[in-house]
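Colleague: I'd like to ask some things about the structure below.
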Amino acid sequence: MLLNDLRADASLAPYIHQFSCENDVCVDFDPAIPQEDYLVVKVDDFYNKLGLPNTPKSPDCLIVQRCMDGRFHWHVVELKNVKYQSELDAGDIWDKFHTCLTDFMSNRFRSHFYNENYDFKLRLYLVAGKVNDNFTKNFKFDFLLAMRPLQFANKFYGVKPENPNPLVRTC
């Protein structure tokens, strides 16, 4: 099974967690989802620890969720806590997702993500807003509509916007 294969991969094990938070922006999980049915791969941490001369831009995490019917949902997520919407750069965001899809999933860990035994649904999310202890300010994400689609496994995907702290629901 994919979740066990990912957990057993020695090069990924240090980057697998059960939560996803960066700078007070998180992705929460429906309590109805058993913890053994999902994992979070910290993609950005993986690339930062490689020690490459030019570390590629990468999203914060990849959430792999097993559904009751045996299929999988894969959520590639960039988490941003920014003061102003103008701090969100469409080119940087596109580069991050592109790295995950073309290098991380299609190259380095191809054996896991191009396995014909796994039926999957892929989604790309930008979770952004201004978050502090007192309030959360949400932004408009119109610029995502103009962003060039990204390709994975011969399909094209757009980046979907989410306000801070969305909930991953059961499939």
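Here's how to read the names in the structure tokens: chain A, B, ... by the order shown, residue numbers from 1 in each chain, ligand numbers from 1 in the order shown.
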Cys21 in chain A: which residues within 10 Å, counting only C-alpha atoms, same-chain residues fewer than 5 positions away excluded, as a PyMOL selection string?
Modeller: chain A and resi 26-28+42+60-61+79-80+165
Colleague: Go ahead and dump the residues you just picked, all heavy atoms, as a PDB file, in the first residue's frame.
Modeller:
ATOM      1  N   CYS A  26      -2.143  26.433   8.971  1.00  0.00           N
ATOM      2  CA  CYS A  26      -2.164  24.977   9.045  1.00  0.00           C
ATOM      3  C   CYS A  26      -3.188  24.390   8.080  1.00  0.00           C
ATOM      4  O   CYS A  26      -4.050  25.092   7.568  1.00  0.00           O
ATOM      5  CB  CYS A  26      -2.535  24.526  10.459  1.00  0.00           C
ATOM      6  SG  CYS A  26      -1.432  25.103  11.740  1.00  0.00           S
ATOM      7  N   VAL A  27      -3.067  23.093   7.884  1.00  0.00           N
ATOM      8  CA  VAL A  27      -4.109  22.290   7.267  1.00  0.00           C
ATOM      9  C   VAL A  27      -4.572  21.353   8.365  1.00  0.00           C
ATOM     10  O   VAL A  27      -3.767  20.644   8.969  1.00  0.00           O
ATOM     11  CB  VAL A  27      -3.594  21.494   6.056  1.00  0.00           C
ATOM     12  CG1 VAL A  27      -4.672  20.571   5.525  1.00  0.00           C
ATOM     13  CG2 VAL A  27      -3.105  22.422   4.954  1.00  0.00           C
ATOM     14  N   ASP A  28      -5.865  21.377   8.655  1.00  0.00           N
ATOM     15  CA  ASP A  28      -6.421  20.520   9.701  1.00  0.00           C
ATOM     16  C   ASP A  28      -7.061  19.295   9.060  1.00  0.00           C
ATOM     17  O   ASP A  28      -7.420  19.308   7.880  1.00  0.00           O
ATOM     18  CB  ASP A  28      -7.460  21.285  10.514  1.00  0.00           C
ATOM     19  CG  ASP A  28      -6.846  22.440  11.293  1.00  0.00           C
ATOM     20  OD1 ASP A  28      -5.729  22.272  11.825  1.00  0.00           O
ATOM     21  OD2 ASP A  28      -7.484  23.510  11.362  1.00  0.00           O
ATOM     22  N   LYS A  42       6.811  16.599   4.202  1.00  0.00           N
ATOM     23  CA  LYS A  42       7.313  17.978   4.204  1.00  0.00           C
ATOM     24  C   LYS A  42       8.291  18.139   3.036  1.00  0.00           C
ATOM     25  O   LYS A  42       9.497  17.956   3.179  1.00  0.00           O
ATOM     26  CB  LYS A  42       7.985  18.313   5.530  1.00  0.00           C
ATOM     27  CG  LYS A  42       7.077  18.201   6.725  1.00  0.00           C
ATOM     28  CD  LYS A  42       6.149  19.390   6.778  1.00  0.00           C
ATOM     29  CE  LYS A  42       5.462  19.459   8.127  1.00  0.00           C
ATOM     30  NZ  LYS A  42       5.109  20.773   8.499  1.00  0.00           N
ATOM     31  N   ASP A  60       5.229  23.547   0.695  1.00  0.00           N
ATOM     32  CA  ASP A  60       5.443  23.113   2.069  1.00  0.00           C
ATOM     33  C   ASP A  60       5.204  21.623   2.264  1.00  0.00           C
ATOM     34  O   ASP A  60       5.972  20.959   2.951  1.00  0.00           O
ATOM     35  CB  ASP A  60       4.561  23.919   3.024  1.00  0.00           C
ATOM     36  CG  ASP A  60       5.020  25.359   3.083  1.00  0.00           C
ATOM     37  OD1 ASP A  60       6.198  25.584   3.405  1.00  0.00           O
ATOM     38  OD2 ASP A  60       4.219  26.255   2.786  1.00  0.00           O
ATOM     39  N   CYS A  61       4.147  21.094   1.662  1.00  0.00           N
ATOM     40  CA  CYS A  61       3.869  19.691   1.942  1.00  0.00           C
ATOM     41  C   CYS A  61       3.039  19.014   0.861  1.00  0.00           C
ATOM     42  O   CYS A  61       2.419  19.658   0.022  1.00  0.00           O
ATOM     43  CB  CYS A  61       3.168  19.555   3.284  1.00  0.00           C
ATOM     44  SG  CYS A  61       1.534  20.304   3.347  1.00  0.00           S
ATOM     45  N   LEU A  79       1.662  26.850   2.126  1.00  0.00           N
ATOM     46  CA  LEU A  79       1.071  27.591   3.244  1.00  0.00           C
ATOM     47  C   LEU A  79       1.759  28.944   3.356  1.00  0.00           C
ATOM     48  O   LEU A  79       2.988  29.007   3.433  1.00  0.00           O
ATOM     49  CB  LEU A  79       1.261  26.813   4.550  1.00  0.00           C
ATOM     50  CG  LEU A  79       0.679  25.401   4.565  1.00  0.00           C
ATOM     51  CD1 LEU A  79       1.209  24.624   5.751  1.00  0.00           C
ATOM     52  CD2 LEU A  79      -0.838  25.457   4.592  1.00  0.00           C
ATOM     53  N   LYS A  80       0.976  30.017   3.379  1.00  0.00           N
ATOM     54  CA  LYS A  80       1.547  31.368   3.439  1.00  0.00           C
ATOM     55  C   LYS A  80       0.811  32.219   4.472  1.00  0.00           C
ATOM     56  O   LYS A  80      -0.405  32.349   4.416  1.00  0.00           O
ATOM     57  CB  LYS A  80       1.430  32.076   2.084  1.00  0.00           C
ATOM     58  CG  LYS A  80       2.345  31.543   1.012  1.00  0.00           C
ATOM     59  CD  LYS A  80       3.747  31.934   1.314  1.00  0.00           C
ATOM     60  CE  LYS A  80       4.600  31.971   0.091  1.00  0.00           C
ATOM     61  NZ  LYS A  80       5.970  32.280   0.421  1.00  0.00           N
ATOM     62  N   ASN A 165      -6.119  27.537   7.398  1.00  0.00           N
ATOM     63  CA  ASN A 165      -6.593  26.441   8.228  1.00  0.00           C
ATOM     64  C   ASN A 165      -7.788  25.686   7.650  1.00  0.00           C
ATOM     65  O   ASN A 165      -8.789  25.456   8.336  1.00  0.00           O
ATOM     66  CB  ASN A 165      -6.884  26.924   9.646  1.00  0.00           C
ATOM     67  CG  ASN A 165      -5.701  27.673  10.229  1.00  0.00           C
ATOM     68  OD1 ASN A 165      -4.547  27.309   9.991  1.00  0.00           O
ATOM     69  ND2 ASN A 165      -5.970  28.724  10.972  1.00  0.00           N
TER      70      ASN A 165
END
Colleague: Which neighbours of Leu2 in chain A fall inside 12 Å, counting only C-alpha atoms, when residues of the same chain fewer than 4 positions from it are skipped, and could you give them as a VMD selection string?
Modeller: chain A and resid 6 to 9 36 to 39 64 to 67 70 to 74 109 111 to 120
Colleague: Which of range 54-145 of chain A counts as helix (DSSP H, G or I) under DSSP, as an mmCIF file with N, CA and C atoms, in the first residue's frame please?
Modeller:
data_model
loop_
_atom_site.group_PDB
_atom_site.id
_atom_site.type_symbol
_atom_site.label_atom_id
_atom_site.label_comp_id
_atom_site.auth_asym_id
_atom_site.auth_seq_id
_atom_site.Cartn_x
_atom_site.Cartn_y
_atom_site.Cartn_z
ATOM 1 N N GLN A 85 -1.540 40.904 0.434
ATOM 2 C CA GLN A 85 -1.719 40.008 -0.700
ATOM 3 C C GLN A 85 -0.618 40.203 -1.742
ATOM 4 N N SER A 86 -0.102 41.405 -1.860
ATOM 5 C CA SER A 86 0.944 41.692 -2.851
ATOM 6 C C SER A 86 2.227 40.893 -2.595
ATOM 7 N N GLU A 87 2.363 40.309 -1.400
ATOM 8 C CA GLU A 87 3.529 39.484 -1.094
ATOM 9 C C GLU A 87 3.450 38.096 -1.731
ATOM 10 N N ALA A 90 3.000 35.050 -8.028
ATOM 11 C CA ALA A 90 2.468 33.954 -8.842
ATOM 12 C C ALA A 90 3.584 33.103 -9.446
ATOM 13 N N GLY A 91 4.666 33.719 -9.879
ATOM 14 C CA GLY A 91 5.776 32.970 -10.467
ATOM 15 C C GLY A 91 6.425 32.040 -9.458
ATOM 16 N N ASP A 92 6.642 32.528 -8.246
ATOM 17 C CA ASP A 92 7.221 31.692 -7.197
ATOM 18 C C ASP A 92 6.292 30.533 -6.847
ATOM 19 N N ILE A 93 5.023 30.814 -6.759
ATOM 20 C CA ILE A 93 4.050 29.772 -6.418
ATOM 21 C C ILE A 93 4.025 28.704 -7.502
ATOM 22 N N TRP A 94 4.020 29.119 -8.756
ATOM 23 C CA TRP A 94 4.025 28.161 -9.869
ATOM 24 C C TRP A 94 5.294 27.306 -9.807
ATOM 25 N N ASP A 95 6.444 27.929 -9.574
ATOM 26 C CA ASP A 95 7.711 27.193 -9.494
ATOM 27 C C ASP A 95 7.675 26.133 -8.400
ATOM 28 N N LYS A 96 7.087 26.463 -7.264
ATOM 29 C CA LYS A 96 7.025 25.518 -6.145
ATOM 30 C C LYS A 96 6.229 24.271 -6.522
ATOM 31 N N PHE A 97 5.063 24.468 -7.102
ATOM 32 C CA PHE A 97 4.250 23.321 -7.490
ATOM 33 C C PHE A 97 4.904 22.545 -8.630
ATOM 34 N N HIS A 98 5.525 23.243 -9.539
ATOM 35 C CA HIS A 98 6.208 22.600 -10.659
ATOM 36 C C HIS A 98 7.317 21.678 -10.148
ATOM 37 N N THR A 99 8.096 22.135 -9.179
ATOM 38 C CA THR A 99 9.157 21.305 -8.601
ATOM 39 C C THR A 99 8.576 20.029 -8.005
ATOM 40 N N CYS A 100 7.498 20.159 -7.261
ATOM 41 C CA CYS A 100 6.893 18.994 -6.618
ATOM 42 C C CYS A 100 6.395 17.986 -7.657
ATOM 43 N N LEU A 101 5.712 18.471 -8.670
ATOM 44 C CA LEU A 101 5.125 17.567 -9.660
ATOM 45 C C LEU A 101 6.163 16.954 -10.587
ATOM 46 N N THR A 102 7.125 17.760 -11.046
ATOM 47 C CA THR A 102 8.061 17.255 -12.059
ATOM 48 C C THR A 102 9.321 16.622 -11.483
ATOM 49 N N ASP A 103 9.780 17.072 -10.332
ATOM 50 C CA ASP A 103 10.996 16.488 -9.768
ATOM 51 C C ASP A 103 10.675 15.530 -8.629
ATOM 52 N N PHE A 104 9.950 15.992 -7.633
ATOM 53 C CA PHE A 104 9.686 15.173 -6.452
ATOM 54 C C PHE A 104 8.829 13.951 -6.807
ATOM 55 N N MET A 105 7.677 14.167 -7.426
ATOM 56 C CA MET A 105 6.748 13.072 -7.691
ATOM 57 C C MET A 105 7.049 12.315 -8.984
ATOM 58 N N SER A 106 7.533 13.010 -10.011
ATOM 59 C CA SER A 106 7.745 12.367 -11.309
ATOM 60 C C SER A 106 9.160 11.833 -11.499
ATOM 61 N N ASN A 107 10.097 12.279 -10.688
ATOM 62 C CA ASN A 107 11.484 11.875 -10.858
ATOM 63 C C ASN A 107 11.991 11.127 -9.627
ATOM 64 N N ARG A 108 12.226 11.839 -8.548
ATOM 65 C CA ARG A 108 12.847 11.251 -7.351
ATOM 66 C C ARG A 108 12.027 10.119 -6.737
ATOM 67 N N ARG A 110 9.250 8.582 -8.261
ATOM 68 C CA ARG A 110 8.400 8.090 -9.342
ATOM 69 C C ARG A 110 7.799 6.717 -9.018
ATOM 70 N N SER A 111 8.585 5.854 -8.400
ATOM 71 C CA SER A 111 8.097 4.500 -8.112
ATOM 72 C C SER A 111 6.853 4.522 -7.219
ATOM 73 N N HIS A 112 6.711 5.537 -6.401
ATOM 74 C CA HIS A 112 5.522 5.647 -5.547
ATOM 75 C C HIS A 112 4.355 6.302 -6.274
ATOM 76 N N PHE A 113 4.638 7.382 -7.003
ATOM 77 C CA PHE A 113 3.548 8.205 -7.539
ATOM 78 C C PHE A 113 3.150 7.874 -8.976
ATOM 79 N N ASP A 142 -7.535 36.099 -7.269
ATOM 80 C CA ASP A 142 -7.818 36.194 -8.698
ATOM 81 C C ASP A 142 -6.592 35.894 -9.563
ATOM 82 N N PHE A 143 -5.410 36.207 -9.059
ATOM 83 C CA PHE A 143 -4.189 36.000 -9.847
ATOM 84 C C PHE A 143 -3.961 34.522 -10.162
ATOM 85 N N LEU A 144 -4.539 33.622 -9.369
ATOM 86 C CA LEU A 144 -4.370 32.196 -9.640
ATOM 87 C C LEU A 144 -5.070 31.779 -10.934
ATOM 88 N N LEU A 145 -6.119 32.506 -11.306
ATOM 89 C CA LEU A 145 -6.844 32.194 -12.539
ATOM 90 C C LEU A 145 -5.983 32.405 -13.772
#
Colleague: Apply DSSP to the backbone of this structure and, from range 71-168 of chain A, keep only the residues in strand (DSSP E); write these as a ChimeraX atom specification.
Modeller: /A:72-81,120-131,136-137,150-152,155-157,159-162,167-168
Colleague: Between CA of Val159 in chain A and CA of Arg123 in chain A, what is the distance in Å, rounded to a tenth?
Modeller: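 Here the two named atoms are 7.6 Å from each other.
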Colleague: For Met68 in chain A, which residue among A:Leu88, A:Gln18, A:Pro34, A:Val82 is the nearest when counting only C-alpha atoms?
Modeller: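 Of the candidates, the smallest distance to Met68 in chain A is held by A:Pro34.
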Colleague: Can you work out the spacing between CA of Lys130 in chain A and CA of Val25 in chain A in Å, to one decimal?
Modeller: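 Going from CA of Lys130 in chain A over to CA of Val25 in chain A covers 8.8 Å.
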Colleague: Skipping near chain neighbours, those fewer than 2 positions away, what residues fall within 10 Å of Pro161 in chain A using only C-alpha atoms, listed as a list in words?
Modeller: Val77, Glu78, Leu124, Tyr125, Leu126, Val127, Ala128, Phe139, Lys140, Phe141, Asp142, Leu144, Leu145, Gly158, Val159, Asn163 and Pro164 of chain A
Colleague: Output the selection as a tab-separated table (two decimals), in the first residue's frame - N, CA and C atoms for each residue.
Modeller:
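Result went into selection20.tsv, see below:
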chain	number	residue	atom	x	y	z
A	77	VAL	N	0.38	21.31	-1.09
A	77	VAL	CA	-0.06	22.50	-0.38
A	77	VAL	C	1.09	23.46	-0.12
A	78	GLU	N	0.86	24.73	-0.44
A	78	GLU	CA	1.75	25.82	-0.06
A	78	GLU	C	1.02	26.66	0.98
A	124	LEU	N	-4.01	20.83	-6.04
A	124	LEU	CA	-2.96	21.77	-5.67
A	124	LEU	C	-3.61	22.93	-4.95
A	125	TYR	N	-3.07	23.31	-3.77
A	125	TYR	CA	-3.69	24.35	-2.97
A	125	TYR	C	-2.68	25.39	-2.52
A	126	LEU	N	-3.09	26.64	-2.63
A	126	LEU	CA	-2.39	27.75	-1.99
A	126	LEU	C	-3.27	28.16	-0.81
A	127	VAL	N	-2.77	27.95	0.41
A	127	VAL	CA	-3.48	28.32	1.63
A	127	VAL	C	-2.79	29.58	2.14
A	128	ALA	N	-3.47	30.71	2.03
A	128	ALA	CA	-2.80	31.97	2.36
A	128	ALA	C	-3.76	32.95	3.02
A	139	PHE	N	-7.67	36.72	1.70
A	139	PHE	CA	-7.36	37.49	0.50
A	139	PHE	C	-8.18	36.99	-0.68
A	140	LYS	N	-8.20	37.79	-1.73
A	140	LYS	CA	-8.75	37.36	-3.01
A	140	LYS	C	-7.60	36.74	-3.80
A	141	PHE	N	-7.90	35.69	-4.53
A	141	PHE	CA	-6.86	34.96	-5.23
A	141	PHE	C	-7.07	34.99	-6.74
A	142	ASP	N	-7.53	36.10	-7.27
A	142	ASP	CA	-7.82	36.19	-8.70
A	142	ASP	C	-6.59	35.89	-9.56
A	144	LEU	N	-4.54	33.62	-9.37
A	144	LEU	CA	-4.37	32.20	-9.64
A	144	LEU	C	-5.07	31.78	-10.93
A	145	LEU	N	-6.12	32.51	-11.31
A	145	LEU	CA	-6.84	32.19	-12.54
A	145	LEU	C	-5.98	32.40	-13.77
A	158	GLY	N	-4.79	23.24	-12.04
A	158	GLY	CA	-4.66	24.61	-11.59
A	158	GLY	C	-4.49	24.63	-10.08
A	159	VAL	N	-3.97	25.72	-9.57
A	159	VAL	CA	-3.80	25.87	-8.13
A	159	VAL	C	-5.09	26.48	-7.58
A	163	ASN	N	-8.57	29.59	2.21
A	163	ASN	CA	-8.30	30.46	3.33
A	163	ASN	C	-7.53	29.67	4.39
A	164	PRO	N	-6.84	30.34	5.30
A	164	PRO	CA	-6.04	29.64	6.30
A	164	PRO	C	-6.83	28.61	7.10
Colleague: Between CA of Asn4 in chain A and CA of Val43 in chain A, what is the distance in Å, rounded to a tenth?
Modeller: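 According to the coordinates, CA of Asn4 in chain A and CA of Val43 in chain A are separated by 17.7 Å.
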